[in-house]
Each structure stands twice: as structure tokens, then as C-alpha cells.
Amino acid sequence: MDKVVASAAEAVAGLTDGMTVAVGGFGLSGIPTVLITEVLAQGITDLQVVSNNCGVDGAGLGLLLAERRIRRVIASYVGENREFARQYLAGELEVELTPQGTLAEKMRAAGAGIPAFFTPTGVGSQVSEGGMPWLYDAEGNVIKQSQPKEKREFTVRGQTREYVLEDSIFADFALVRAAKGDRHGNLVFNRSARNFNPLCAMAAGVAVAEVEELVEPGDLDPDEIHLPGIYVQRVLALTPEQAADKDIEKHTTRPRPVDPSTQQTEEA
């Protein structure tokens with residue numbers, strides 16, 4: 001039951017070229033930086049990555065993009081990553097853009113053993129009708145695009161509407177980051193890091209979690225556990241330095257309020 005591994009190399013053992021990897025995080029919040037760095041160091045390439053976005057230039061999955069380690073991305077947002085957009089538009093990277101809620105459900109459904117599901121999201125658009133550009137050539141021509149998806153009508157609470165069939169995503173590996181975790185793999189996520197990390201782990205055959213704080217079994221209140229250990233195969237405890245090393249995607253500041261009691265008058 002003890003799933004703790006001694007090193008990042010041991011944590012990603014078995015992850016090889018060409019695999020599908022679900023990577024947690026939302027922007028730069030809750031991204032598995034140590035595990036991503038290890039994948040980069042090992043030279044693993046030709047990956048299909050499933051993630052809400054693909055990091056930013058110089059951080060997160062942006063590190064793998066810069067080294068051309070990613071062949072295809074399934075994501076809902078290009079975000080602030082200029083290299084991501086450049087590679088996509090230059091025909092160097094295949095990208096399947098997916099509605100954010102649908103992407104989340106594709107992974108959650110996989111974790112529940114559901115191979116496909118119907119959703120109203122995307123009906124009447126290129127999401128259901130096909131024609132979404134996936135891959136360009138060097139001249140900017142679309143050479144691969146999404147195909148039309150199966151649609152059916154369902155009546156829900158007396159209202160009949162059309163739904164589109166979406167396939168679930170079953171990943172080979174998942175790389176996630178948790179605020180807390182115990183040796184059995186039970187995980188707790190902090191705020192927006194909870195958006196995609198649990199779903200990525202659920203969708204994978206092998207889920208690896210780097211945890212900022214490792215605790216003993218029984219230390220976590222069952223009601224605070226966001227992801228049960230049944231979905232997690234390996235746990236990597238971070239050092240305090242690694243846990244504290246977090247990037248901020250955008251710094252937003254405002255002027256510090258002035259305390260009138262400390263403000264000097266013009267006469268003074």
C-alpha cells in the first residue's frame with residue numbers, strides 16, 4: 001500500500017515515447033513542475049498531451065514544447081504560450097481544441113469506465129459538425145481536421161434537444177500535483193489546482209502525484225480527501241524548496257493604500 005517512490009526518475013518509470021499523458025494544472029496553478037522537468041531530462045518525446053492548456057513560454061509544459069517533445073495536444077485553451085500558437089499555426093504541432101467542460105468530462109468519464117457520453121455542448125458548431133483545424137502544413141493549409149460526430153435527440157424534463165457523442169480520454173500516464181498526500185495515494189488539492197488534477201489522475205492507467213506535503217495514512221480526514229488513493233499508483237514527496245517553487249502566470253498589482261495617519265502635510 002505504500003506508494004511513495006524515492007525519486008522523480010522512479011516516479012515516471014515506464015513512461016516512454018509516443019504515450020498519451022494527462023497533465024494536471026490550471027494555467028500555472030497546480031502544475032507538476034518536478035515531474036515535467038524529469039520527463040524533459042529523460043528525453044522522452046513524441047507525446048500526446050492532454051491538459052487544459054500547455055503551460056507558458058519557459059514554464060510547465062512550455063518546456064517540453066520548446067524542445068519539440070510533444071507531437072499532439074488535446075486542450076481547451078492555447079493561453080499565453082506564444083510557442084504553442086506558433087508551432088500550431090506553422091504546422092509543427094497537432095492541436096485538438098475541446099470545450100473546457102467537455103475536456104473535463106472526457107477524463108472523468110474515463111475514470112468511471114465510461115467510453116463515451118452525449119453532451120449538448122458544441123451542437124451546431126464545428127465541434128459537432130466537423131471542420132475544426134487540427135493540423136496545418138507549412139503554408140498554412142489545413143491538412144487534418146475534426147470529423148462530424150454522431151448526434152442524437154434526447155428528451156430531458158420535457159425538452160427535446162440534440163446532443164453530440166464525445167469519446168472519453170484514456171491516458172497511459174498522468175502527472176499531477178497535490179498540496180497534501182499520504183502514502184496510500186489519497187490526495188488533497190489547493191483551490192484551482194483541483195480543477196483538472198483529479199480528473200487527469202482518474203483517466204490514466206498510471207497516475208503519478210508529486211505532493212507538497214507527505215503525511216501518514218490516517219492523518220487526512222476522509223472528508224477532506226479530493227481524490228482517493230485507488231486512482232493513484234505513485235507518490236513523490238517534494239522537498240520544501242521544490243514545494244515552494246511556484247510561478248505566477250500574470251502579476252496583477254494595485255497601489256498600496258495610504259494611511260492618512262502617516263501622511264505628512266504640505267506645510268510640514
# chains A, B, ... in the order shown; residues from 1 in each chain; ligands from 1
>>> closest_atom_pairs(of="range 70-140 of chain A", to="range 42-60 of chain A", cutoff="6 Å", atoms="only C-alpha atoms", output="Markdown table")
| residue | atom | partner | partner_atom | distance |
| --- | --- | --- | --- | --- |
| A:Ile70 | CA | A:Leu47 | CA | 4.7 |
| A:Arg71 | CA | A:Asp46 | CA | 4.9 |
| A:Arg72 | CA | A:Gln48 | CA | 4.6 |
| A:Val73 | CA | A:Val49 | CA | 4.9 |
| A:Ile74 | CA | A:Val50 | CA | 4.8 |
| A:Ala75 | CA | A:Asn52 | CA | 4.9 |
| A:Ser76 | CA | A:Asn52 | CA | 5.4 |
| A:Tyr77 | CA | A:Asn53 | CA | 5.0 |
| A:Val78 | CA | A:Asn53 | CA | 5.8 |
| A:Glu80 | CA | A:Val56 | CA | 5.8 |
| A:Asn81 | CA | A:Val56 | CA | 4.4 |
>>> write_last_selection(atoms="all heavy atoms", output="PDB file, in the first residue's frame")
ATOM      1  N   ILE A  70       6.555  17.244 -27.805  1.00  0.00           N
ATOM      2  CA  ILE A  70       5.111  16.991 -27.880  1.00  0.00           C
ATOM      3  C   ILE A  70       4.676  16.952 -29.338  1.00  0.00           C
ATOM      4  O   ILE A  70       4.943  17.871 -30.112  1.00  0.00           O
ATOM      5  CB  ILE A  70       4.330  18.076 -27.115  1.00  0.00           C
ATOM      6  CG1 ILE A  70       4.746  18.081 -25.639  1.00  0.00           C
ATOM      7  CG2 ILE A  70       2.832  17.839 -27.230  1.00  0.00           C
ATOM      8  CD1 ILE A  70       4.093  19.188 -24.823  1.00  0.00           C
ATOM      9  N   ARG A  71       4.008  15.868 -29.710  1.00  0.00           N
ATOM     10  CA  ARG A  71       3.522  15.701 -31.077  1.00  0.00           C
ATOM     11  C   ARG A  71       2.110  16.248 -31.249  1.00  0.00           C
ATOM     12  O   ARG A  71       1.771  16.843 -32.279  1.00  0.00           O
ATOM     13  CB  ARG A  71       3.537  14.215 -31.443  1.00  0.00           C
ATOM     14  CG  ARG A  71       2.852  13.855 -32.763  1.00  0.00           C
ATOM     15  CD  ARG A  71       2.815  12.344 -32.979  1.00  0.00           C
ATOM     16  NE  ARG A  71       2.156  11.642 -31.886  1.00  0.00           N
ATOM     17  CZ  ARG A  71       0.824  11.481 -31.781  1.00  0.00           C
ATOM     18  NH1 ARG A  71       0.016  11.987 -32.700  1.00  0.00           N
ATOM     19  NH2 ARG A  71       0.302  10.813 -30.773  1.00  0.00           N
ATOM     20  N   ARG A  72       1.286  16.056 -30.205  1.00  0.00           N
ATOM     21  CA  ARG A  72      -0.135  16.403 -30.309  1.00  0.00           C
ATOM     22  C   ARG A  72      -0.637  16.855 -28.949  1.00  0.00           C
ATOM     23  O   ARG A  72      -0.235  16.311 -27.916  1.00  0.00           O
ATOM     24  CB  ARG A  72      -0.934  15.190 -30.783  1.00  0.00           C
ATOM     25  CG  ARG A  72      -2.381  15.475 -31.161  1.00  0.00           C
ATOM     26  CD  ARG A  72      -3.010  14.228 -31.798  1.00  0.00           C
ATOM     27  NE  ARG A  72      -4.264  14.547 -32.454  1.00  0.00           N
ATOM     28  CZ  ARG A  72      -5.458  14.500 -31.849  1.00  0.00           C
ATOM     29  NH1 ARG A  72      -5.535  14.110 -30.573  1.00  0.00           N
ATOM     30  NH2 ARG A  72      -6.564  14.801 -32.496  1.00  0.00           N
ATOM     31  N   VAL A  73      -1.528  17.839 -28.947  1.00  0.00           N
ATOM     32  CA  VAL A  73      -2.097  18.361 -27.705  1.00  0.00           C
ATOM     33  C   VAL A  73      -3.620  18.329 -27.800  1.00  0.00           C
ATOM     34  O   VAL A  73      -4.202  18.759 -28.797  1.00  0.00           O
ATOM     35  CB  VAL A  73      -1.641  19.810 -27.436  1.00  0.00           C
ATOM     36  CG1 VAL A  73      -2.308  20.356 -26.175  1.00  0.00           C
ATOM     37  CG2 VAL A  73      -0.126  19.878 -27.308  1.00  0.00           C
ATOM     38  N   ILE A  74      -4.249  17.805 -26.765  1.00  0.00           N
ATOM     39  CA  ILE A  74      -5.698  17.919 -26.602  1.00  0.00           C
ATOM     40  C   ILE A  74      -5.913  18.899 -25.452  1.00  0.00           C
ATOM     41  O   ILE A  74      -5.555  18.609 -24.304  1.00  0.00           O
ATOM     42  CB  ILE A  74      -6.350  16.557 -26.291  1.00  0.00           C
ATOM     43  CG1 ILE A  74      -6.045  15.544 -27.395  1.00  0.00           C
ATOM     44  CG2 ILE A  74      -7.866  16.717 -26.132  1.00  0.00           C
ATOM     45  CD1 ILE A  74      -6.557  14.141 -27.117  1.00  0.00           C
ATOM     46  N   ALA A  75      -6.450  20.066 -25.754  1.00  0.00           N
ATOM     47  CA  ALA A  75      -6.557  21.127 -24.756  1.00  0.00           C
ATOM     48  C   ALA A  75      -7.792  21.972 -25.037  1.00  0.00           C
ATOM     49  O   ALA A  75      -8.440  21.836 -26.089  1.00  0.00           O
ATOM     50  CB  ALA A  75      -5.302  22.007 -24.775  1.00  0.00           C
ATOM     51  N   SER A  76      -8.100  22.853 -24.093  1.00  0.00           N
ATOM     52  CA  SER A  76      -9.237  23.748 -24.285  1.00  0.00           C
ATOM     53  C   SER A  76      -8.806  25.190 -24.473  1.00  0.00           C
ATOM     54  O   SER A  76      -9.634  26.053 -24.755  1.00  0.00           O
ATOM     55  CB  SER A  76     -10.193  23.657 -23.083  1.00  0.00           C
ATOM     56  OG  SER A  76      -9.568  24.122 -21.908  1.00  0.00           O
ATOM     57  N   TYR A  77      -7.487  25.451 -24.324  1.00  0.00           N
ATOM     58  CA  TYR A  77      -7.039  26.837 -24.300  1.00  0.00           C
ATOM     59  C   TYR A  77      -5.581  26.920 -24.728  1.00  0.00           C
ATOM     60  O   TYR A  77      -4.723  26.232 -24.168  1.00  0.00           O
ATOM     61  CB  TYR A  77      -7.208  27.363 -22.861  1.00  0.00           C
ATOM     62  CG  TYR A  77      -6.816  28.800 -22.632  1.00  0.00           C
ATOM     63  CD1 TYR A  77      -7.406  29.834 -23.347  1.00  0.00           C
ATOM     64  CD2 TYR A  77      -5.868  29.123 -21.662  1.00  0.00           C
ATOM     65  CE1 TYR A  77      -7.065  31.162 -23.105  1.00  0.00           C
ATOM     66  CE2 TYR A  77      -5.524  30.447 -21.407  1.00  0.00           C
ATOM     67  CZ  TYR A  77      -6.121  31.455 -22.132  1.00  0.00           C
ATOM     68  OH  TYR A  77      -5.779  32.754 -21.897  1.00  0.00           O
ATOM     69  N   VAL A  78      -5.312  27.756 -25.724  1.00  0.00           N
ATOM     70  CA  VAL A  78      -3.925  27.975 -26.127  1.00  0.00           C
ATOM     71  C   VAL A  78      -3.225  28.858 -25.101  1.00  0.00           C
ATOM     72  O   VAL A  78      -2.055  28.675 -24.800  1.00  0.00           O
ATOM     73  CB  VAL A  78      -3.855  28.598 -27.536  1.00  0.00           C
ATOM     74  CG1 VAL A  78      -2.425  28.966 -27.891  1.00  0.00           C
ATOM     75  CG2 VAL A  78      -4.427  27.635 -28.569  1.00  0.00           C
ATOM     76  N   GLU A  80      -1.403  31.811 -22.926  1.00  0.00           N
ATOM     77  CA  GLU A  80      -0.378  32.831 -23.124  1.00  0.00           C
ATOM     78  C   GLU A  80       0.896  32.266 -23.754  1.00  0.00           C
ATOM     79  O   GLU A  80       1.929  32.927 -23.772  1.00  0.00           O
ATOM     80  CB  GLU A  80      -0.026  33.474 -21.780  1.00  0.00           C
ATOM     81  CG  GLU A  80      -1.223  34.011 -21.009  1.00  0.00           C
ATOM     82  CD  GLU A  80      -1.963  35.095 -21.780  1.00  0.00           C
ATOM     83  OE1 GLU A  80      -1.284  35.912 -22.441  1.00  0.00           O
ATOM     84  OE2 GLU A  80      -3.208  35.115 -21.723  1.00  0.00           O
ATOM     85  N   ASN A  81       0.846  31.038 -24.240  1.00  0.00           N
ATOM     86  CA  ASN A  81       2.038  30.382 -24.755  1.00  0.00           C
ATOM     87  C   ASN A  81       2.216  30.690 -26.243  1.00  0.00           C
ATOM     88  O   ASN A  81       1.565  30.098 -27.105  1.00  0.00           O
ATOM     89  CB  ASN A  81       1.924  28.861 -24.533  1.00  0.00           C
ATOM     90  CG  ASN A  81       3.229  28.144 -24.731  1.00  0.00           C
ATOM     91  OD1 ASN A  81       4.029  28.509 -25.580  1.00  0.00           O
ATOM     92  ND2 ASN A  81       3.457  27.116 -23.938  1.00  0.00           N
TER      93      ASN A  81
END
>>> residues_around(residues="range 183-197 of chain A", least_positions_apart="3", cutoff="8 Å", atoms="only C-alpha atoms", output="VMD selection string")
chain A and resid 1 to 4 23 to 26 29 to 31 51 to 52 104 176 to 180 200 to 201 209 214 to 217 224 to 235
>>> write_last_selection(atoms="N, CA and C atoms", output="CSV table (one decimal), in the first residue's frame")
chain,number,residue,atom,x,y,z
A,1,MET,N,0.8,-1.2,0.0
A,1,MET,CA,0.0,0.0,0.0
A,1,MET,C,0.8,1.3,0.0
A,2,ASP,N,2.1,1.2,0.4
A,2,ASP,CA,3.0,2.4,0.4
A,2,ASP,C,3.4,2.7,-1.0
A,3,LYS,N,2.9,3.8,-1.6
A,3,LYS,CA,3.1,4.1,-3.0
A,3,LYS,C,4.2,5.2,-3.2
A,4,VAL,N,4.9,5.5,-2.1
A,4,VAL,CA,5.9,6.6,-2.2
A,4,VAL,C,7.1,6.1,-2.9
A,23,VAL,N,-1.9,15.8,-18.0
A,23,VAL,CA,-1.1,16.6,-17.1
A,23,VAL,C,-2.0,17.6,-16.4
A,24,GLY,N,-2.0,17.6,-15.1
A,24,GLY,CA,-2.8,18.5,-14.3
A,24,GLY,C,-2.4,19.9,-14.3
A,25,GLY,N,-3.3,20.7,-13.7
A,25,GLY,CA,-3.0,22.1,-13.5
A,25,GLY,C,-3.9,23.0,-14.3
A,26,PHE,N,-4.0,24.3,-13.9
A,26,PHE,CA,-4.9,25.2,-14.5
A,26,PHE,C,-4.1,26.5,-14.7
A,29,SER,N,-1.2,27.1,-12.1
A,29,SER,CA,-1.6,26.7,-10.8
A,29,SER,C,-1.7,25.2,-10.7
A,30,GLY,N,-1.0,24.6,-9.8
A,30,GLY,CA,-1.1,23.2,-9.6
A,30,GLY,C,-0.4,22.3,-10.6
A,31,ILE,N,0.6,22.8,-11.3
A,31,ILE,CA,1.2,22.0,-12.4
A,31,ILE,C,2.3,21.2,-11.8
A,51,SER,N,-4.2,18.3,-21.5
A,51,SER,CA,-4.1,19.2,-20.5
A,51,SER,C,-5.0,20.4,-20.8
A,52,ASN,N,-5.5,21.1,-19.8
A,52,ASN,CA,-6.3,22.3,-20.0
A,52,ASN,C,-5.7,23.3,-20.9
A,104,ALA,N,-13.0,18.1,-19.4
A,104,ALA,CA,-13.0,17.6,-18.0
A,104,ALA,C,-13.8,16.3,-17.9
A,176,VAL,N,0.4,14.7,-11.9
A,176,VAL,CA,-0.4,15.7,-11.2
A,176,VAL,C,0.4,16.2,-10.0
A,177,ARG,N,-0.1,17.3,-9.4
A,177,ARG,CA,0.5,17.9,-8.2
A,177,ARG,C,-0.6,18.1,-7.2
A,178,ALA,N,-0.3,17.7,-5.9
A,178,ALA,CA,-1.3,17.9,-4.8
A,178,ALA,C,-0.6,18.6,-3.7
A,179,ALA,N,-1.5,19.4,-2.9
A,179,ALA,CA,-1.0,20.1,-1.8
A,179,ALA,C,-0.6,19.1,-0.6
A,180,LYS,N,-1.4,18.1,-0.5
A,180,LYS,CA,-1.1,17.0,0.5
A,180,LYS,C,-1.4,15.7,-0.1
A,200,CYS,N,-7.3,14.2,-14.3
A,200,CYS,CA,-6.2,13.7,-15.1
A,200,CYS,C,-5.8,12.3,-14.5
A,201,ALA,N,-5.7,12.3,-13.1
A,201,ALA,CA,-5.3,11.1,-12.4
A,201,ALA,C,-6.3,10.0,-12.7
A,209,ALA,N,1.7,11.3,-8.6
A,209,ALA,CA,1.4,12.6,-7.9
A,209,ALA,C,2.6,13.1,-7.2
A,214,LEU,N,3.8,15.4,2.5
A,214,LEU,CA,3.5,14.0,2.6
A,214,LEU,C,3.1,13.7,4.1
A,215,VAL,N,2.0,13.1,4.3
A,215,VAL,CA,1.5,12.7,5.6
A,215,VAL,C,1.3,11.2,5.7
A,216,GLU,N,1.1,10.7,6.9
A,216,GLU,CA,1.0,9.3,7.1
A,216,GLU,C,-0.5,8.9,6.9
A,217,PRO,N,-0.8,7.7,6.6
A,217,PRO,CA,-2.2,7.2,6.4
A,217,PRO,C,-2.9,7.4,7.7
A,224,GLU,N,-11.8,15.5,3.7
A,224,GLU,CA,-11.0,16.5,3.0
A,224,GLU,C,-10.3,15.9,1.8
A,225,ILE,N,-10.4,14.6,1.6
A,225,ILE,CA,-9.7,13.9,0.5
A,225,ILE,C,-10.5,14.2,-0.8
A,226,HIS,N,-9.8,14.8,-1.8
A,226,HIS,CA,-10.4,15.1,-3.1
A,226,HIS,C,-10.3,14.0,-4.1
A,227,LEU,N,-9.3,13.2,-3.9
A,227,LEU,CA,-9.1,12.0,-4.8
A,227,LEU,C,-8.6,10.8,-4.0
A,228,PRO,N,-9.4,9.8,-4.0
A,228,PRO,CA,-8.9,8.6,-3.2
A,228,PRO,C,-7.8,7.9,-3.9
A,229,GLY,N,-7.0,7.2,-3.1
A,229,GLY,CA,-5.8,6.5,-3.5
A,229,GLY,C,-5.9,5.5,-4.5
A,230,ILE,N,-7.2,5.0,-4.7
A,230,ILE,CA,-7.4,3.9,-5.7
A,230,ILE,C,-7.0,4.4,-7.1
A,231,TYR,N,-7.0,5.7,-7.3
A,231,TYR,CA,-6.7,6.3,-8.6
A,231,TYR,C,-5.2,6.6,-8.8
A,232,VAL,N,-4.4,6.5,-7.7
A,232,VAL,CA,-3.0,6.9,-7.8
A,232,VAL,C,-2.1,5.7,-7.5
A,233,GLN,N,-1.1,5.6,-8.4
A,233,GLN,CA,-0.1,4.5,-8.3
A,233,GLN,C,1.2,4.8,-7.7
A,234,ARG,N,1.6,6.1,-7.8
A,234,ARG,CA,2.9,6.5,-7.3
A,234,ARG,C,2.8,7.9,-6.7
A,235,VAL,N,3.6,8.1,-5.6
A,235,VAL,CA,3.6,9.4,-4.9
A,235,VAL,C,5.0,9.8,-4.7
>>> closest_residue(among="A:Ser168, A:Thr160, A:Ser7, A:Gln145", to="Thr102 in chain A", atoms="only C-alpha atoms")
A:Ser168
>>> select_by_dssp(residues="range 15-257 of chain A", states="helix (DSSP H, G or I)", output="PyMOL selection string")
chain A and resi 33-42+62-66+82-89+100-111+126-129+191-194+197-203+222-224+229-231+240-244
>>> closest_residue(among="A:Asp219, A:Ile169, A:Leu97, A:Ser261", to="Ser146 in chain A", atoms="only C-alpha atoms")
A:Leu97
>>> residues_around(residues="Lys151 in chain A", least_positions_apart="4", cutoff="8 Å", atoms="only C-alpha atoms", output="ChimeraX atom specification")
/A:128,162-165
>>> write_last_selection(atoms="N, CA and C atoms", output="CSV table (one decimal), in the first residue's frame")
chain,number,residue,atom,x,y,z
A,128,SER,N,-19.3,19.7,-33.3
A,128,SER,CA,-20.1,18.5,-33.7
A,128,SER,C,-20.1,18.3,-35.2
A,162,GLU,N,-30.9,18.3,-29.2
A,162,GLU,CA,-29.8,17.4,-29.9
A,162,GLU,C,-28.6,17.4,-29.0
A,163,TYR,N,-28.0,16.2,-29.0
A,163,TYR,CA,-26.8,16.0,-28.2
A,163,TYR,C,-25.7,15.4,-29.1
A,164,VAL,N,-24.4,15.6,-28.8
A,164,VAL,CA,-23.3,15.1,-29.6
A,164,VAL,C,-22.6,14.0,-28.8
A,165,LEU,N,-22.1,13.0,-29.4
A,165,LEU,CA,-21.4,11.9,-28.8
A,165,LEU,C,-19.9,12.3,-28.7
>>> atom_distance(atom1="CA of Ala85 in chain A", atom2="CA of Asp245 in chain A")
26.3 Å
>>> residues_around(residues="range 133-137 of chain A", least_positions_apart="2", cutoff="8 Å", atoms="only C-alpha atoms", output="list of chain:residue names")
A:Tyr88, A:Leu89, A:Ala90, A:Gly91, A:Glu92, A:Leu93, A:Glu94, A:Val95, A:Glu96, A:Leu97, A:Gly131, A:Glu139, A:Gly140, A:Asn141, A:Val142, A:Ile143, A:Lys144, A:Gln145, A:Ser146
>>> write_last_selection(atoms="N, CA and C atoms", output="mmCIF file, in the first residue's frame")
data_model
loop_
_atom_site.group_PDB
_atom_site.id
_atom_site.type_symbol
_atom_site.label_atom_id
_atom_site.label_comp_id
_atom_site.auth_asym_id
_atom_site.auth_seq_id
_atom_site.Cartn_x
_atom_site.Cartn_y
_atom_site.Cartn_z
ATOM 1 N N TYR A 88 1.585 25.439 -33.680
ATOM 2 C CA TYR A 88 0.301 25.024 -34.236
ATOM 3 C C TYR A 88 0.070 25.645 -35.610
ATOM 4 N N LEU A 89 0.257 26.956 -35.728
ATOM 5 C CA LEU A 89 -0.013 27.649 -36.981
ATOM 6 C C LEU A 89 1.036 27.358 -38.048
ATOM 7 N N ALA A 90 2.232 26.934 -37.627
ATOM 8 C CA ALA A 90 3.298 26.606 -38.574
ATOM 9 C C ALA A 90 3.243 25.152 -39.026
ATOM 10 N N GLY A 91 2.298 24.395 -38.521
ATOM 11 C CA GLY A 91 2.178 23.001 -38.933
ATOM 12 C C GLY A 91 3.150 22.061 -38.252
ATOM 13 N N GLU A 92 3.690 22.492 -37.110
ATOM 14 C CA GLU A 92 4.664 21.673 -36.374
ATOM 15 C C GLU A 92 4.031 20.897 -35.227
ATOM 16 N N LEU A 93 2.774 21.183 -34.928
ATOM 17 C CA LEU A 93 2.105 20.592 -33.776
ATOM 18 C C LEU A 93 0.636 20.384 -34.096
ATOM 19 N N GLU A 94 0.128 19.204 -33.783
ATOM 20 C CA GLU A 94 -1.291 18.929 -33.963
ATOM 21 C C GLU A 94 -2.029 19.297 -32.678
ATOM 22 N N VAL A 95 -3.138 20.026 -32.818
ATOM 23 C CA VAL A 95 -3.886 20.512 -31.656
ATOM 24 C C VAL A 95 -5.375 20.212 -31.834
ATOM 25 N N GLU A 96 -5.934 19.524 -30.860
ATOM 26 C CA GLU A 96 -7.368 19.271 -30.834
ATOM 27 C C GLU A 96 -7.979 20.130 -29.732
ATOM 28 N N LEU A 97 -8.543 21.276 -30.120
ATOM 29 C CA LEU A 97 -9.186 22.150 -29.149
ATOM 30 C C LEU A 97 -10.553 21.584 -28.780
ATOM 31 N N GLY A 131 -14.659 19.901 -39.149
ATOM 32 C CA GLY A 131 -14.007 21.026 -39.793
ATOM 33 C C GLY A 131 -13.115 21.832 -38.887
ATOM 34 N N GLU A 139 2.568 26.012 -45.198
ATOM 35 C CA GLU A 139 1.996 27.142 -45.928
ATOM 36 C C GLU A 139 0.691 27.634 -45.316
ATOM 37 N N GLY A 140 0.270 27.022 -44.219
ATOM 38 C CA GLY A 140 -0.946 27.458 -43.557
ATOM 39 C C GLY A 140 -2.217 26.787 -44.038
ATOM 40 N N ASN A 141 -2.084 25.732 -44.835
ATOM 41 C CA ASN A 141 -3.254 24.994 -45.297
ATOM 42 C C ASN A 141 -3.629 23.922 -44.280
ATOM 43 N N VAL A 142 -4.941 23.721 -44.074
ATOM 44 C CA VAL A 142 -5.405 22.688 -43.155
ATOM 45 C C VAL A 142 -5.241 21.327 -43.823
ATOM 46 N N ILE A 143 -4.471 20.445 -43.187
ATOM 47 C CA ILE A 143 -4.266 19.112 -43.754
ATOM 48 C C ILE A 143 -4.899 18.010 -42.902
ATOM 49 N N LYS A 144 -5.388 18.388 -41.724
ATOM 50 C CA LYS A 144 -6.100 17.429 -40.888
ATOM 51 C C LYS A 144 -7.115 18.199 -40.060
ATOM 52 N N GLN A 145 -8.352 17.694 -40.053
ATOM 53 C CA GLN A 145 -9.406 18.387 -39.329
ATOM 54 C C GLN A 145 -10.340 17.390 -38.651
ATOM 55 N N SER A 146 -11.130 17.911 -37.714
ATOM 56 C CA SER A 146 -12.058 17.034 -36.999
ATOM 57 C C SER A 146 -13.154 16.555 -37.935
#
>>> select_by_dssp(residues="range 71-252 of chain A", states="strand (DSSP E)", output="MDAnalysis selection string")
chainID A and resid 71:75 94:97 116:119 133:136 142:145 151:156 159:167 171:182 187:188 204:215 234:237
>>> atom_distance(atom1="CA of Met132 in chain A", atom2="CA of Leu103 in chain A")
15.5 Å
>>> atom_distance(atom1="CA of Val156 in chain A", atom2="CA of Phe117 in chain A")
15.1 Å
